$ cat my_file-v5.txt   # compact mmCIF, C-alpha atoms and all ligand atoms
# COMPACT_ATOMS: atom_id res chain seq x y z
CA MET A 3 0.00 0.00 0.00
CA GLY A 4 2.70 2.47 1.06
CA ARG A 5 4.68 1.60 -2.03
CA LYS A 6 1.66 2.34 -4.25
CA VAL A 7 1.12 5.73 -2.63
CA GLY A 8 4.79 6.48 -3.15
CA VAL A 9 4.56 5.67 -6.87
CA ILE A 10 1.41 7.76 -7.28
CA ALA A 11 3.06 10.66 -5.49
CA ALA A 12 6.13 10.39 -7.71
CA VAL A 13 3.97 10.35 -10.85
CA LEU A 14 2.02 13.41 -9.63
CA VAL A 15 5.22 15.31 -8.88
CA ALA A 16 6.51 14.45 -12.37
CA LEU A 17 3.23 15.57 -13.97
CA VAL A 18 3.26 18.88 -12.11
CA GLY A 19 6.86 19.34 -13.24
CA VAL A 20 5.99 18.67 -16.89
CA LEU A 21 3.04 21.05 -16.67
CA ALA A 22 5.21 23.76 -15.10
CA VAL A 23 7.83 23.41 -17.87
CA TYR A 24 5.08 23.49 -20.50
CA LEU A 25 3.52 26.64 -19.05
CA TYR A 26 6.90 28.33 -18.59
CA ASN A 27 7.76 27.64 -22.24
CA ARG A 28 4.32 28.67 -23.44
CA ILE A 29 4.70 32.00 -21.66
CA THR A 30 8.34 32.80 -22.33
CA VAL A 31 8.94 31.53 -25.87
CA LEU A 32 8.57 34.31 -28.42
CA ASP A 33 8.65 34.03 -32.21
CA HIS A 34 9.37 36.99 -34.41
CA GLU A 35 9.44 37.80 -38.10
CA ALA A 36 10.18 40.80 -40.28
CA VAL A 37 7.20 42.64 -41.79
CA THR A 38 9.36 45.26 -43.56
CA ASP A 39 13.04 46.27 -43.25
CA SER A 40 12.14 48.33 -40.16
CA VAL A 41 9.06 46.64 -38.69
CA SER A 42 8.97 43.28 -36.90
CA VAL A 43 6.16 41.36 -35.28
CA ILE A 44 6.58 39.27 -32.12
CA TYR A 45 4.18 36.37 -31.54
CA GLY A 46 3.63 34.73 -28.15
CA ALA A 47 1.05 34.05 -25.44
CA GLY A 48 -0.94 37.26 -25.77
CA GLY A 49 -1.58 39.99 -28.30
CA ASN A 50 0.83 40.50 -31.19
CA VAL A 51 3.66 42.95 -30.52
CA ALA A 52 5.12 45.28 -33.18
CA VAL A 53 8.63 46.71 -33.05
CA LEU A 54 9.70 49.63 -35.24
CA ARG A 55 13.39 50.30 -35.81
CA THR A 56 14.35 53.98 -35.88
CA GLN A 57 17.71 55.79 -35.95
CA ARG A 58 17.31 56.38 -32.21
CA GLY A 59 15.90 53.03 -31.02
CA ALA A 60 12.73 51.01 -30.80
CA VAL A 61 9.05 51.87 -30.74
CA VAL A 62 7.06 48.98 -29.23
CA VAL A 63 3.32 48.41 -29.71
CA ASP A 64 1.77 46.29 -26.92
CA THR A 65 3.64 44.21 -24.33
CA MET A 66 1.75 40.86 -23.95
CA THR A 67 0.46 39.27 -20.78
CA PHE A 68 3.14 38.85 -18.10
CA PRO A 69 5.98 41.02 -16.81
CA ILE A 70 8.41 38.14 -17.55
CA GLN A 71 7.33 38.32 -21.21
CA GLY A 72 7.78 42.07 -21.07
CA ARG A 73 11.41 41.64 -20.03
CA ARG A 74 12.05 39.34 -22.99
CA ILE A 75 10.23 41.66 -25.38
CA LEU A 76 12.23 44.63 -24.06
CA ALA A 77 15.51 42.80 -24.82
CA LEU A 78 14.32 41.58 -28.22
CA ALA A 79 13.00 45.04 -29.12
CA GLU A 80 16.37 46.62 -28.37
CA ARG A 81 17.93 44.24 -30.90
CA LEU A 82 15.18 44.45 -33.55
CA GLY A 83 14.57 48.17 -33.00
CA GLY A 84 18.16 49.43 -33.22
CA GLY A 85 18.52 50.52 -29.59
CA PRO A 86 16.65 51.09 -26.32
CA THR A 87 12.89 51.63 -26.42
CA GLN A 88 11.94 55.24 -27.17
CA ALA A 89 8.20 54.73 -26.69
CA VAL A 90 5.65 52.03 -25.87
CA ILE A 91 2.12 52.24 -27.28
CA ASN A 92 -0.78 50.28 -25.73
CA THR A 93 -3.56 49.64 -28.27
CA HIS A 94 -6.14 49.05 -25.50
CA TYR A 95 -6.39 48.15 -21.83
CA HIS A 96 -6.61 44.34 -21.89
CA ALA A 97 -4.07 42.41 -19.82
CA ASP A 98 -2.75 40.42 -22.79
CA HIS A 99 -1.59 43.69 -24.38
CA THR A 100 -0.44 45.66 -21.33
CA HIS A 101 0.78 43.50 -18.47
CA GLY A 102 4.31 43.35 -19.89
CA ASN A 103 4.59 47.14 -19.40
CA PRO A 104 6.29 46.94 -15.96
CA ALA A 105 9.45 45.58 -17.64
CA TRP A 106 10.24 49.03 -19.06
CA PRO A 107 12.15 51.51 -16.90
CA ALA A 108 10.36 54.26 -15.01
CA GLY A 109 9.95 57.35 -17.13
CA THR A 110 9.40 55.47 -20.40
CA ARG A 111 6.88 57.25 -22.60
CA ILE A 112 3.76 55.03 -22.74
CA VAL A 113 1.06 56.14 -25.18
CA SER A 114 -2.63 55.22 -25.12
CA THR A 115 -6.01 56.85 -25.52
CA GLU A 116 -7.57 58.64 -22.54
CA ARG A 117 -10.33 56.04 -22.63
CA THR A 118 -7.89 53.16 -22.38
CA ARG A 119 -6.39 54.79 -19.30
CA ALA A 120 -9.89 55.18 -17.82
CA TYR A 121 -10.74 51.51 -18.54
CA LEU A 122 -7.48 50.42 -16.90
CA ASP A 123 -8.44 52.33 -13.78
CA GLN A 124 -12.01 51.02 -13.92
CA PHE A 125 -11.51 47.33 -14.72
CA ASP A 126 -7.90 46.41 -13.90
CA SER A 127 -6.93 48.69 -11.02
CA ALA A 128 -5.67 45.83 -8.82
CA PHE A 129 -2.80 45.27 -11.25
CA TRP A 130 -1.96 48.94 -11.82
CA GLU A 131 -1.92 50.08 -8.21
CA GLY A 132 1.26 49.90 -6.16
CA PRO A 133 4.74 49.35 -7.58
CA VAL A 134 3.70 49.09 -11.24
CA ALA A 135 1.54 52.23 -11.21
CA GLY A 136 4.28 54.11 -13.09
CA SER A 137 4.05 51.61 -15.96
CA ALA A 138 0.51 52.60 -16.92
CA PRO A 139 0.06 54.86 -19.97
CA ASN A 140 1.34 58.39 -19.31
CA ASP A 141 1.07 60.07 -22.74
CA LEU A 142 -2.67 60.20 -23.39
CA PHE A 143 -4.70 61.47 -26.36
CA GLU A 144 -8.29 61.53 -27.51
CA ASP A 145 -8.35 61.09 -31.32
CA ARG A 146 -4.90 61.40 -32.83
CA HIS A 147 -1.27 61.28 -31.74
CA GLU A 148 2.04 61.57 -33.60
CA LEU A 149 5.60 60.65 -32.69
CA ARG A 150 8.63 61.68 -34.76
CA ILE A 151 11.58 59.54 -33.74
CA GLY A 152 14.74 59.73 -35.84
CA ASP A 153 13.73 59.01 -39.43
CA LYS A 154 10.31 57.55 -38.56
CA THR A 155 6.77 58.81 -38.06
CA VAL A 156 4.34 56.89 -35.87
CA ARG A 157 0.69 57.96 -35.90
CA SER A 158 -1.92 56.58 -33.51
CA PHE A 159 -5.64 57.02 -34.15
CA HIS A 160 -8.76 56.38 -32.10
CA LEU A 161 -11.38 55.91 -34.83
CA GLY A 162 -14.41 54.70 -32.91
CA ARG A 163 -15.85 51.81 -30.93
CA GLY A 164 -15.34 48.13 -31.69
CA HIS A 165 -13.46 45.67 -29.51
CA THR A 166 -13.57 48.21 -26.63
CA GLY A 167 -14.53 51.88 -26.60
CA GLY A 168 -10.93 53.07 -26.44
CA ASP A 169 -8.89 51.13 -29.02
CA LEU A 170 -6.22 52.84 -31.07
CA VAL A 171 -4.53 51.72 -34.29
CA VAL A 172 -0.88 52.53 -35.02
CA LEU A 173 0.39 53.54 -38.47
CA PHE A 174 4.11 53.22 -39.20
CA VAL A 175 3.95 55.87 -41.89
CA GLU A 176 7.16 55.29 -43.89
CA ASP A 177 6.78 51.49 -43.78
CA ARG A 178 3.06 51.54 -44.63
CA VAL A 179 2.36 49.01 -41.86
CA LEU A 180 -0.68 49.20 -39.56
CA HIS A 181 -1.01 47.56 -36.12
CA THR A 182 -4.75 47.31 -35.49
CA GLY A 183 -4.71 46.01 -31.93
CA ASP A 184 -7.80 43.89 -31.26
CA LEU A 185 -10.00 45.83 -33.66
CA PHE A 186 -8.91 42.99 -35.93
CA PHE A 187 -8.61 39.28 -35.07
CA ASN A 188 -7.23 37.64 -38.22
CA ARG A 189 -9.35 34.55 -38.98
CA ARG A 190 -10.26 34.20 -35.31
CA TYR A 191 -13.45 34.97 -33.44
CA PRO A 192 -12.98 38.25 -31.58
CA ASN A 193 -13.38 39.10 -27.94
CA ILE A 194 -16.07 41.79 -27.65
CA ASP A 195 -15.83 43.91 -24.48
CA LEU A 196 -19.27 45.53 -24.30
CA GLU A 197 -18.71 46.54 -20.66
CA ALA A 198 -15.72 48.72 -21.69
CA GLY A 199 -17.57 50.42 -24.54
CA GLY A 200 -17.11 47.74 -27.21
CA SER A 201 -19.73 47.67 -29.95
CA VAL A 202 -20.52 45.11 -32.64
CA GLN A 203 -22.96 47.59 -34.16
CA GLN A 204 -20.34 50.31 -34.66
CA TRP A 205 -17.32 48.09 -35.30
CA ALA A 206 -17.66 47.81 -39.11
CA GLN A 207 -17.91 51.60 -39.41
CA THR A 208 -14.81 52.01 -37.25
CA LEU A 209 -13.00 49.58 -39.57
CA GLU A 210 -14.17 51.67 -42.54
CA SER A 211 -12.23 54.59 -41.03
CA VAL A 212 -9.25 52.28 -40.40
CA LEU A 213 -9.31 51.16 -44.04
CA ALA A 214 -9.19 54.80 -45.15
CA LEU A 215 -5.64 55.05 -43.73
CA ASP A 216 -2.63 54.64 -46.01
CA PHE A 217 -1.04 51.20 -45.42
CA ASP A 218 -0.25 47.88 -47.11
CA ARG A 219 0.65 45.32 -44.41
CA VAL A 220 -1.49 44.71 -41.32
CA ILE A 221 -0.48 43.35 -37.92
CA PRO A 222 -3.70 42.17 -36.23
CA GLY A 223 -4.15 41.92 -32.46
CA HIS A 224 -4.26 38.14 -32.80
CA GLY A 225 -3.43 35.86 -35.72
CA PRO A 226 -0.85 36.14 -38.51
CA VAL A 227 0.24 39.29 -40.33
CA THR A 228 -1.85 39.99 -43.42
CA ASP A 229 -2.83 42.82 -45.77
CA ARG A 230 -5.89 44.97 -46.51
CA SER A 231 -7.83 42.01 -47.92
CA GLY A 232 -7.50 40.17 -44.59
CA LEU A 233 -8.90 43.17 -42.75
CA LEU A 234 -11.76 43.46 -45.26
CA GLU A 235 -12.62 39.80 -44.66
CA PHE A 236 -12.93 40.46 -40.92
CA GLN A 237 -15.00 43.61 -41.54
CA ARG A 238 -17.45 41.56 -43.64
CA PHE A 239 -17.87 39.10 -40.75
CA ILE A 240 -18.46 41.87 -38.21
CA ALA A 241 -21.01 43.57 -40.49
CA GLU A 242 -22.81 40.25 -41.00
CA LEU A 243 -22.83 39.57 -37.25
CA ALA A 244 -24.17 43.06 -36.48
CA ALA A 245 -26.97 42.81 -39.05
CA PHE A 246 -28.02 39.36 -37.82
CA ALA A 247 -28.10 40.49 -34.18
CA ARG A 248 -30.07 43.64 -35.07
CA GLU A 249 -32.69 41.64 -36.93
CA SER A 250 -33.04 39.02 -34.21
CA ALA A 251 -33.36 41.65 -31.46
CA ALA A 252 -35.91 43.59 -33.53
CA ALA A 253 -37.92 40.38 -33.95
CA GLY A 254 -37.87 39.90 -30.16
CA MET A 255 -35.92 36.66 -30.37
CA SER A 256 -34.37 35.25 -27.19
CA LEU A 257 -30.66 34.47 -26.98
CA GLU A 258 -31.40 30.75 -27.36
CA GLU A 259 -33.52 31.36 -30.45
CA THR A 260 -30.84 33.65 -31.86
CA LEU A 261 -28.08 31.07 -31.36
CA ALA A 262 -30.24 28.37 -32.95
CA ALA A 263 -31.12 30.54 -35.97
CA ALA A 264 -27.60 31.83 -36.69
CA SER A 265 -26.51 31.24 -40.27
CA LEU A 266 -23.33 33.27 -40.67
CA GLU A 267 -21.18 32.79 -43.77
CA HIS A 268 -18.12 34.98 -43.43
CA ASP A 269 -16.53 33.02 -40.57
CA ALA A 270 -15.96 29.82 -42.56
CA ALA A 271 -12.17 30.05 -42.10
CA PHE A 272 -12.25 31.27 -38.47
CA GLU A 273 -10.63 29.45 -35.53
CA GLU A 274 -11.69 29.55 -31.90
CA LEU A 275 -9.44 31.31 -29.42
CA SER A 276 -9.56 29.76 -25.97
CA VAL A 277 -7.69 29.12 -22.75
CA PRO A 278 -9.33 26.36 -20.65
CA PHE A 279 -11.22 27.71 -17.60
CA LEU A 280 -10.48 31.33 -18.61
CA TYR A 281 -12.24 32.20 -21.86
CA LYS A 282 -13.50 30.85 -25.13
CA PHE A 283 -14.03 33.12 -28.10
CA ASP A 284 -16.03 31.13 -30.63
CA ARG A 285 -19.09 31.60 -32.84
CA ASP A 286 -21.56 31.27 -29.96
CA PHE A 287 -19.61 33.83 -27.91
CA ALA A 288 -19.65 36.33 -30.80
CA ILE A 289 -23.38 35.82 -31.40
CA ARG A 290 -24.18 36.10 -27.69
CA ARG A 291 -22.30 39.37 -27.31
CA ALA A 292 -23.86 40.79 -30.49
CA TRP A 293 -27.33 39.85 -29.25
CA GLU A 294 -26.64 41.28 -25.76
CA GLU A 295 -25.78 44.64 -27.31
CA ALA A 296 -28.58 44.71 -29.90
CA SER A 297 -31.24 43.70 -27.36
CA GLY A 298 -29.96 46.11 -24.70
CA ALA A 299 -29.24 43.25 -22.26
CA VAL A 300 -25.71 44.56 -21.67
CA ARG A 301 -24.63 48.19 -21.68
CA PRO A 302 -21.25 49.88 -21.21
CA VAL A 303 -20.26 50.51 -17.61
CA GLU A 304 -20.44 54.18 -16.59
CA LEU A 305 -16.93 55.44 -16.01
CA GLY A 306 -18.05 58.04 -13.52
CA ASP A 307 -16.81 61.06 -15.44
CA PRO A 308 -18.60 63.41 -17.83
CA ALA A 309 -16.75 61.95 -20.83
CA SER A 310 -18.44 58.59 -20.25
CA GLY A 311 -21.62 60.18 -21.63
CA LYS A 312 -20.06 59.70 -25.06
CA LEU A 313 -20.05 55.95 -24.64
ZN ZN B 401 -8.27 42.78 -26.30
$ encode --input "my_file-v5.txt" --output "structure tokens"
Amino acid sequence: MGRKVGVIAAVLVALVGVLAVYLYNRITVLDHEAVTDSVSVIYGAGGNVAVLRTQRGAVVVDTMTFPIQGRRILALAERLGGGPTQAVINTHYHADHTHGNPAWPAGTRIVSTERTRAYLDQFDSAFWEGPVAGSAPNDLFEDRHELRIGDKTVRSFHLGRGHTGGDLVVLFVEDRVLHTGDLFFNRRYPNIDLEAGGSVQQWAQTLESVLALDFDRVIPGHGPVTDRSGLLEFQRFIAELAAFARESAAAGMSLEETLAAASLEHDAAFEELSVPFLYKFDRDFAIRRAWEEASGAVRPVELGDPASGKL
């Protein structure tokens, strides 16, 4: 009996060890590839990171999910970006795009929209209080922001609601590359954060404004790098989802009836995005969120300042 327990215990310890190694690798291994001569993308457990090389050093867009990833991204960005980071840009407030921020030294310029900063304070304050408070965005704008660093121009735009109410997109002007943040999930079902001002109904229009910018290559928030046609494909899905949800809400259909009646076409090539026990972004999730907005079942959280009236 004692021998059996000992064997079981040894097997359990080994399994926990294997799981720990797996998780450590999953979190810390980063892949990267060149998008242009000056722009690289870093893939890992979290949102896609962009690095721009300038004559003075790196500009980094998003920082993934964990401070340990941030430290690796910081080191990689210094190499890919031609020197120490000159600025970090956070496309929106979600943890898988911002929680690497604390790896950068105090005083680093960190750009986001005012709304993203407000959502951080509203929904993720436990992380941003205390020692990492100085790593939250400190260079805030409402609609449009421009950085000139060395030979490069970096423009950030807030063009409307979609994934959240505060997303920005980043245009690397000379390289004609756009980082969309999570306004674009490439061939994946999107997360839709209605509580933080996200909107399926307005998303396609926001993407119309994004598509009016001058770019060729596109780094999505999740999924592989693509071009304008990939972004158009996602816009068609979002427009289809919005129209379906509007019609079902107008007909007074319940969520169950809406899920049963769904006949979407533009997601044929889409994958699910999920982490067990944490989240699952699939077709049913997208339809549920679209129905919750269209039927008025879920509304944006009031941010407690006059600006929130614009939500
Ligand atoms: Zn997100």
$ residues_near_ligand --input "my_file-v5.txt" --ligand "ligand ZN 401 (chain B)" --cutoff "9 Å" --atoms "only C-alpha atoms and all ligand atoms" --output "JSON list (two decimals) with C-alpha atoms, in the coordinates of the input"
[["chain", "number", "residue", "atom", "x", "y", "z"],
["A", 49, "GLY", "CA", -1.58, 39.99, -28.30],
["A", 93, "THR", "CA", -3.56, 49.64, -28.27],
["A", 94, "HIS", "CA", -6.14, 49.05, -25.50],
["A", 95, "TYR", "CA", -6.39, 48.15, -21.83],
["A", 96, "HIS", "CA", -6.61, 44.34, -21.89],
["A", 97, "ALA", "CA", -4.07, 42.41, -19.82],
["A", 98, "ASP", "CA", -2.75, 40.42, -22.79],
["A", 99, "HIS", "CA", -1.59, 43.69, -24.38],
["A", 165, "HIS", "CA", -13.46, 45.67, -29.51],
["A", 166, "THR", "CA", -13.57, 48.21, -26.63],
["A", 169, "ASP", "CA", -8.89, 51.13, -29.02],
["A", 183, "GLY", "CA", -4.71, 46.01, -31.93],
["A", 184, "ASP", "CA", -7.80, 43.89, -31.26],
["A", 185, "LEU", "CA", -10.00, 45.83, -33.66],
["A", 192, "PRO", "CA", -12.98, 38.25, -31.58],
["A", 193, "ASN", "CA", -13.38, 39.10, -27.94],
["A", 194, "ILE", "CA", -16.07, 41.79, -27.65],
["A", 195, "ASP", "CA", -15.83, 43.91, -24.48],
["A", 223, "GLY", "CA", -4.15, 41.92, -32.46],
["A", 224, "HIS", "CA", -4.26, 38.14, -32.80]]
$ residues_near_point --input "my_file-v5.txt" --point "(17.9, 47.0, -34.5)" --cutoff "12 Å" --atoms "only C-alpha atoms" --output "JSON, numbers by chain"
{"A": [36, 39, 40, 41, 42, 53, 54, 55, 56, 57, 58, 59, 60, 61, 77, 78, 79, 80, 81, 82, 83, 84, 85, 86, 87]}
$ residues_near_point --input "my_file-v5.txt" --point "(1.8, 51.1, -19.0)" --cutoff "7 Å" --atoms "only C-alpha atoms" --output "PyMOL selection string"
chain A and resi 100+103-104+112+137-139
$ atom_distance --input "my_file-v5.txt" --atom1 "atom CA of Leu305 of chain A" --atom2 "atom CA of Leu142 of chain A"
16.7 Å
$ atom_distance --input "my_file-v5.txt" --atom1 "atom CA of Phe125 of chain A" --atom2 "atom CA of Leu280 of chain A"
16.5 Å
$ atom_distance --input "my_file-v5.txt" --atom1 "atom CA of Gly225 of chain A" --atom2 "atom CA of Trp293 of chain A"
25.1 Å
$ closest_residue --input "my_file-v5.txt" --among "A:Asp284, A:Asp126, A:Asp33, A:Asp64" --to "Ala198 of chain A" --atoms "only C-alpha atoms"
A:Asp126
$ residues_around --input "my_file-v5.txt" --residues "segment 157-163 of chain A" --least-positions-apart "5" --cutoff "9 Å" --atoms "all atoms listed in the file" --output "NGL selection string"
:A and (91 or 93 or 113-115 or 143-150 or 168-175 or 185 or 199-205 or 207-209 or 211-212 or 313)
